[in-house]
Amino acid sequence: MGEQTASVKRRLGVMGGTFDPIHHGHLVAASEVAAQFHLDEVVFVPTGQPWQKSHKTVSPAEDRYLMTVIATASNPQFSVSRIDIDRGGKTYTADTLRDLRAENADADLFFITGADALSQILTWHDAADLFSLAHFIGVTRPGHILTDAGLPEGGVSLIEVPALAISSTDCRARVAQGDPVWYLVPDGVVRYIDKRELYRDDG
Ligand SMILES: Nc1ncnc2c1ncn2[C@@H]1O[C@H](COP(=O)(O)OP(=O)(O)OP(=O)(O)O)[C@@H](O)[C@H]1O
Ligand SMILES: O=C(O)c1ccc[n+]([C@@H]2O[C@H](COP(=O)([O-])O)[C@@H](O)[C@H]2O)c1
């Protein structure tokens with residue numbers, strides 16, 4: 001009684017992506033980081049307008065959001081946020097993290113990103129601010145070298161996750177060619193792609 005208890009901050013993982021479509025590479029990366037970093041929750045944040053992919057056709061945000069909800073629904077540790085979709089305009093991770101910090105004042109943020117994305121991070125909007133908003137966790141990805149060279153010391157952790165050579169680009173190409181994506185993406189996402197006739201005209 002009368003003793004002060006130090007408040008322990010929640011540990012909130014943030015997995016940003018275009019998720020066009022979400023696949024098991026994303027889910028394994030989030031699950032592995034959650035376990036290794038003792039995260040309480042991982043929030044998946046589908047991009048609104050991924051400005052560095054503006055030369056590519058991207059599926060409607062609502063489809064990408066719903067596939068992300070379907071893929072994560074069975075895991076009580078996973079949730080999905082609409083903040084990047086509802087903010088409108090180009091999606092900048094600095095905005096994502098500022099908004100999530102405002103909504104989760106009781107949490108430390110851990111932004112999860114693959115080796116390919118980590119290597120581009122200095123080209124991101126407001127790159128100098130990113131490392132004060134969250135701790136960055138770079139995960140291995142087949143075909144890409146994982147390194148924190150040139151990034152602020154202490155701002156980034158690198159970890160190995162089970163290697164799944166899956167990309168959304170490959171999943172879209174497979175659907176366009178009539179090849180199966182079973183077991184590359186969750187079953188519900190296979191059904192959703194079929195129902196909405198996504199990716200049939202790709203490639
Ligand atoms: N197989 C994978 N293993 C580890 N990380 C991954 C994997 N696939 C994607 N990621 C990471 O997930 C995040 C979101 O990725 P994104 O939604 O762009 O998927 P993608 O498969 O890279 O898509 P695309 O092929 O359309 O570029 C990025 O940080 C990316 O590096
Ligand atoms: O903030 C930026 O300028 C920025 C530029 C490129 C990518 N990102 C983020 O990196 C994550 C993966 O992006 P992508 O386009 O590879 O799916 C996603 O959360 C994007 O919002 C962020």
# chains A, B, ... in the order shown; residues from 1 in each chain; ligands from 1
$ closest_atom_pairs --of "chain A" --to "ligand 1" --cutoff "10 Å" --atoms "only C-alpha atoms and all ligand atoms" --output "Markdown table"
| residue | atom | partner | partner_atom_place_in_ligand_line | distance |
| --- | --- | --- | --- | --- |
| A:Met15 | CA | ligand 1 | 13 (C) | 6.8 |
| A:Gly16 | CA | ligand 1 | 14 (C) | 5.9 |
| A:Gly17 | CA | ligand 1 | 14 (C) | 3.6 |
| A:Thr18 | CA | ligand 1 | 17 (O) | 3.9 |
| A:Phe19 | CA | ligand 1 | 17 (O) | 3.8 |
| A:Asp20 | CA | ligand 1 | 26 (O) | 6.1 |
| A:Pro21 | CA | ligand 1 | 17 (O) | 7.2 |
| A:Ile22 | CA | ligand 1 | 17 (O) | 6.5 |
| A:His23 | CA | ligand 1 | 8 (N) | 7.3 |
| A:His24 | CA | ligand 1 | 1 (N) | 7.2 |
| A:Gly25 | CA | ligand 1 | 1 (N) | 3.7 |
| A:His26 | CA | ligand 1 | 6 (C) | 5.2 |
| A:Leu27 | CA | ligand 1 | 7 (C) | 8.6 |
| A:Val28 | CA | ligand 1 | 3 (N) | 7.6 |
| A:Ala29 | CA | ligand 1 | 4 (C) | 5.6 |
| A:Ala30 | CA | ligand 1 | 5 (N) | 8.6 |
| A:Phe44 | CA | ligand 1 | 14 (C) | 9.6 |
| A:Val45 | CA | ligand 1 | 14 (C) | 9.4 |
| A:Pro46 | CA | ligand 1 | 17 (O) | 7.8 |
| A:Thr47 | CA | ligand 1 | 17 (O) | 8.4 |
| A:Pro50 | CA | ligand 1 | 18 (O) | 9.0 |
| A:Lys53 | CA | ligand 1 | 27 (O) | 8.1 |
| A:Lys56 | CA | ligand 1 | 26 (O) | 8.8 |
| A:Thr57 | CA | ligand 1 | 26 (O) | 9.7 |
| A:Val58 | CA | ligand 1 | 26 (O) | 8.4 |
| A:Arg64 | CA | ligand 1 | 17 (O) | 9.5 |
| A:Phe111 | CA | ligand 1 | 29 (O) | 9.1 |
| A:Ile112 | CA | ligand 1 | 29 (O) | 6.6 |
| A:Thr113 | CA | ligand 1 | 29 (O) | 3.6 |
| A:Gly114 | CA | ligand 1 | 31 (O) | 3.0 |
| A:Ala115 | CA | ligand 1 | 31 (O) | 5.6 |
| A:Asp116 | CA | ligand 1 | 31 (O) | 5.1 |
| A:Ala117 | CA | ligand 1 | 31 (O) | 4.8 |
| A:Leu118 | CA | ligand 1 | 29 (O) | 7.1 |
| A:Ser119 | CA | ligand 1 | 31 (O) | 9.4 |
| A:Ile137 | CA | ligand 1 | 29 (O) | 9.7 |
| A:Gly138 | CA | ligand 1 | 29 (O) | 8.1 |
| A:Val139 | CA | ligand 1 | 4 (C) | 6.0 |
| A:Thr140 | CA | ligand 1 | 4 (C) | 5.7 |
| A:Arg141 | CA | ligand 1 | 3 (N) | 4.3 |
| A:Pro142 | CA | ligand 1 | 3 (N) | 6.7 |
| A:Gly143 | CA | ligand 1 | 1 (N) | 9.5 |
| A:His144 | CA | ligand 1 | 31 (O) | 9.1 |
| A:Glu160 | CA | ligand 1 | 4 (C) | 9.2 |
| A:Val161 | CA | ligand 1 | 4 (C) | 7.3 |
| A:Pro162 | CA | ligand 1 | 3 (N) | 8.0 |
| A:Ala163 | CA | ligand 1 | 3 (N) | 6.4 |
| A:Leu164 | CA | ligand 1 | 1 (N) | 4.9 |
| A:Ala165 | CA | ligand 1 | 1 (N) | 5.1 |
| A:Ile166 | CA | ligand 1 | 1 (N) | 4.5 |
| A:Ser167 | CA | ligand 1 | 21 (O) | 3.4 |
| A:Ser168 | CA | ligand 1 | 21 (O) | 3.8 |
| A:Thr169 | CA | ligand 1 | 25 (O) | 3.6 |
| A:Asp170 | CA | ligand 1 | 25 (O) | 6.5 |
| A:Cys171 | CA | ligand 1 | 25 (O) | 8.0 |
| A:Arg172 | CA | ligand 1 | 26 (O) | 8.2 |
| A:Ala173 | CA | ligand 1 | 25 (O) | 9.9 |
| A:Leu184 | CA | ligand 1 | 1 (N) | 9.8 |
$ select_by_dssp --residues "range 1-202 of chain A" --states "strand (DSSP E or B)" --output "number ranges by chain"
A: 10-17, 41-46, 49, 78-80, 90, 107-114, 135-139, 141, 144, 156-159, 182, 185
$ select_by_dssp --residues "range 8-60 of chain A" --states "helix (DSSP H, G or I)" --output "JSON, numbers by chain"
{"A": [24, 25, 26, 27, 28, 29, 30, 31, 32, 33, 34, 35, 36, 51, 52, 53]}
$ write_last_selection --atoms "C-alpha atoms" --output "PDB file, in the first residue's frame"
ATOM      1  CA  HIS A  24       2.529 -16.190 -45.371  1.00  0.00           C
ATOM      2  CA  GLY A  25       5.913 -14.397 -45.557  1.00  0.00           C
ATOM      3  CA  HIS A  26       4.298 -11.367 -43.884  1.00  0.00           C
ATOM      4  CA  LEU A  27       2.547 -13.495 -41.267  1.00  0.00           C
ATOM      5  CA  VAL A  28       5.618 -15.547 -40.352  1.00  0.00           C
ATOM      6  CA  ALA A  29       7.735 -12.383 -40.042  1.00  0.00           C
ATOM      7  CA  ALA A  30       5.190 -10.766 -37.691  1.00  0.00           C
ATOM      8  CA  SER A  31       4.771 -13.925 -35.622  1.00  0.00           C
ATOM      9  CA  GLU A  32       8.499 -14.472 -35.238  1.00  0.00           C
ATOM     10  CA  VAL A  33       9.193 -10.850 -34.245  1.00  0.00           C
ATOM     11  CA  ALA A  34       6.304 -10.961 -31.756  1.00  0.00           C
ATOM     12  CA  ALA A  35       7.852 -14.014 -30.101  1.00  0.00           C
ATOM     13  CA  GLN A  36      11.475 -12.828 -30.100  1.00  0.00           C
ATOM     14  CA  TRP A  51       4.101   6.470 -53.175  1.00  0.00           C
ATOM     15  CA  GLN A  52       7.233   4.452 -53.991  1.00  0.00           C
ATOM     16  CA  LYS A  53       5.001   1.993 -55.895  1.00  0.00           C
TER      17      LYS A  53
END
$ closest_residue --among "A:Phe136, A:Phe110, A:Trp124, A:Phe78" --to "ligand 2" --atoms "only C-alpha atoms and all ligand atoms"
A:Trp124
$ residues_around --residues "Ala176 in chain A" --least-positions-apart "3" --cutoff "12 Å" --atoms "only C-alpha atoms" --output "PyMOL selection string"
chain A and resi 169-173+179-181+193-194+197-203
$ residues_around --residues "Lys9 in chain A" --least-positions-apart "5" --cutoff "9 Å" --atoms "only C-alpha atoms" --output "ChimeraX atom specification"
/A:105-108
$ residues_around --residues "Arg101 in chain A" --least-positions-apart "2" --cutoff "12 Å" --atoms "only C-alpha atoms" --output "list in words"
Arg10, Arg11, Leu12, Gly13, Val14, Ile83, Ala94, Asp95, Thr96, Leu97, Arg98, Asp99, Glu103, Asn104, Ala105, Asp106, Ala107, Asp108, Leu109, Phe110, Phe111, Ser132, Leu133 and Ala134 of chain A
$ write_last_selection --atoms "N, CA and C atoms" --output "PDB file, in the first residue's frame"
ATOM      1  N   ARG A  10       3.247  -1.161 -22.816  1.00  0.00           N
ATOM      2  CA  ARG A  10       2.895  -2.219 -23.768  1.00  0.00           C
ATOM      3  C   ARG A  10       3.894  -2.205 -24.902  1.00  0.00           C
ATOM      4  N   ARG A  11       4.100  -3.354 -25.500  1.00  0.00           N
ATOM      5  CA  ARG A  11       5.026  -3.453 -26.625  1.00  0.00           C
ATOM      6  C   ARG A  11       4.201  -3.758 -27.865  1.00  0.00           C
ATOM      7  N   LEU A  12       4.118  -2.735 -28.736  1.00  0.00           N
ATOM      8  CA  LEU A  12       3.232  -2.831 -29.894  1.00  0.00           C
ATOM      9  C   LEU A  12       4.040  -2.930 -31.187  1.00  0.00           C
ATOM     10  N   GLY A  13       3.921  -4.063 -31.869  1.00  0.00           N
ATOM     11  CA  GLY A  13       4.560  -4.223 -33.175  1.00  0.00           C
ATOM     12  C   GLY A  13       3.713  -3.566 -34.253  1.00  0.00           C
ATOM     13  N   VAL A  14       4.375  -3.016 -35.261  1.00  0.00           N
ATOM     14  CA  VAL A  14       3.681  -2.375 -36.377  1.00  0.00           C
ATOM     15  C   VAL A  14       4.225  -2.984 -37.661  1.00  0.00           C
ATOM     16  N   ILE A  83      -5.580   3.329 -40.365  1.00  0.00           N
ATOM     17  CA  ILE A  83      -5.130   4.733 -40.296  1.00  0.00           C
ATOM     18  C   ILE A  83      -4.508   5.248 -41.589  1.00  0.00           C
ATOM     19  N   ALA A  94       6.356   7.881 -41.258  1.00  0.00           N
ATOM     20  CA  ALA A  94       6.478   8.861 -40.157  1.00  0.00           C
ATOM     21  C   ALA A  94       5.074   9.254 -39.670  1.00  0.00           C
ATOM     22  N   ASP A  95       4.125   9.445 -40.600  1.00  0.00           N
ATOM     23  CA  ASP A  95       2.743   9.772 -40.200  1.00  0.00           C
ATOM     24  C   ASP A  95       2.094   8.594 -39.477  1.00  0.00           C
ATOM     25  N   THR A  96       2.321   7.382 -40.017  1.00  0.00           N
ATOM     26  CA  THR A  96       1.754   6.178 -39.396  1.00  0.00           C
ATOM     27  C   THR A  96       2.179   6.098 -37.932  1.00  0.00           C
ATOM     28  N   LEU A  97       3.477   6.287 -37.709  1.00  0.00           N
ATOM     29  CA  LEU A  97       4.002   6.117 -36.354  1.00  0.00           C
ATOM     30  C   LEU A  97       3.546   7.251 -35.436  1.00  0.00           C
ATOM     31  N   ARG A  98       3.467   8.472 -35.963  1.00  0.00           N
ATOM     32  CA  ARG A  98       2.984   9.591 -35.126  1.00  0.00           C
ATOM     33  C   ARG A  98       1.540   9.337 -34.711  1.00  0.00           C
ATOM     34  N   ASP A  99       0.707   8.893 -35.669  1.00  0.00           N
ATOM     35  CA  ASP A  99      -0.707   8.633 -35.357  1.00  0.00           C
ATOM     36  C   ASP A  99      -0.841   7.476 -34.365  1.00  0.00           C
ATOM     37  N   GLU A 103      -2.468   7.415 -30.531  1.00  0.00           N
ATOM     38  CA  GLU A 103      -3.544   6.484 -30.129  1.00  0.00           C
ATOM     39  C   GLU A 103      -3.107   5.527 -29.025  1.00  0.00           C
ATOM     40  N   ASN A 104      -1.789   5.339 -28.863  1.00  0.00           N
ATOM     41  CA  ASN A 104      -1.273   4.316 -27.938  1.00  0.00           C
ATOM     42  C   ASN A 104      -0.177   4.910 -27.066  1.00  0.00           C
ATOM     43  N   ALA A 105      -0.576   5.895 -26.270  1.00  0.00           N
ATOM     44  CA  ALA A 105       0.417   6.602 -25.455  1.00  0.00           C
ATOM     45  C   ALA A 105       1.104   5.665 -24.462  1.00  0.00           C
ATOM     46  N   ASP A 106       0.443   4.531 -24.175  1.00  0.00           N
ATOM     47  CA  ASP A 106       0.970   3.584 -23.178  1.00  0.00           C
ATOM     48  C   ASP A 106       1.909   2.547 -23.800  1.00  0.00           C
ATOM     49  N   ALA A 107       2.286   2.742 -25.074  1.00  0.00           N
ATOM     50  CA  ALA A 107       3.032   1.666 -25.760  1.00  0.00           C
ATOM     51  C   ALA A 107       4.348   2.153 -26.356  1.00  0.00           C
ATOM     52  N   ASP A 108       5.318   1.242 -26.394  1.00  0.00           N
ATOM     53  CA  ASP A 108       6.517   1.438 -27.212  1.00  0.00           C
ATOM     54  C   ASP A 108       6.251   0.766 -28.552  1.00  0.00           C
ATOM     55  N   LEU A 109       6.669   1.426 -29.642  1.00  0.00           N
ATOM     56  CA  LEU A 109       6.389   0.907 -30.980  1.00  0.00           C
ATOM     57  C   LEU A 109       7.620   0.232 -31.581  1.00  0.00           C
ATOM     58  N   PHE A 110       7.371  -0.883 -32.261  1.00  0.00           N
ATOM     59  CA  PHE A 110       8.420  -1.655 -32.945  1.00  0.00           C
ATOM     60  C   PHE A 110       7.979  -1.837 -34.391  1.00  0.00           C
ATOM     61  N   PHE A 111       8.634  -1.154 -35.311  1.00  0.00           N
ATOM     62  CA  PHE A 111       8.230  -1.244 -36.719  1.00  0.00           C
ATOM     63  C   PHE A 111       8.976  -2.398 -37.387  1.00  0.00           C
ATOM     64  N   SER A 132      13.303   8.044 -34.003  1.00  0.00           N
ATOM     65  CA  SER A 132      12.882   8.537 -32.687  1.00  0.00           C
ATOM     66  C   SER A 132      11.422   8.167 -32.421  1.00  0.00           C
ATOM     67  N   LEU A 133      10.731   7.689 -33.466  1.00  0.00           N
ATOM     68  CA  LEU A 133       9.308   7.358 -33.308  1.00  0.00           C
ATOM     69  C   LEU A 133       9.082   5.895 -32.950  1.00  0.00           C
ATOM     70  N   ALA A 134      10.006   5.032 -33.372  1.00  0.00           N
ATOM     71  CA  ALA A 134       9.857   3.595 -33.113  1.00  0.00           C
ATOM     72  C   ALA A 134      11.233   2.950 -33.159  1.00  0.00           C
TER      73      ALA A 134
END
$ closest_residue --among "A:Gly154, A:Thr91, A:Gly178, A:Asp84" --to "His125 in chain A" --atoms "only C-alpha atoms"
A:Thr91
$ atom_distance --atom1 "atom 11 (C, counted along the ligand's line) of ligand 2" --atom2 "CA of Thr93 in chain A"
7.2 Å
$ closest_residue --among "A:Ile85, A:Ile121, A:Val42, A:Leu130" --to "Glu62 in chain A" --atoms "only C-alpha atoms"
A:Ile85
$ closest_residue --among "A:Glu153, A:Asp148, A:Asp187, A:Asp126" --to "ligand 2" --atoms "only C-alpha atoms and all ligand atoms"
A:Asp126
$ closest_residue --among "A:Thr123, A:Thr147, A:Thr72, A:Ser79" --to "ligand 2" --atoms "only C-alpha atoms and all ligand atoms"
A:Thr123
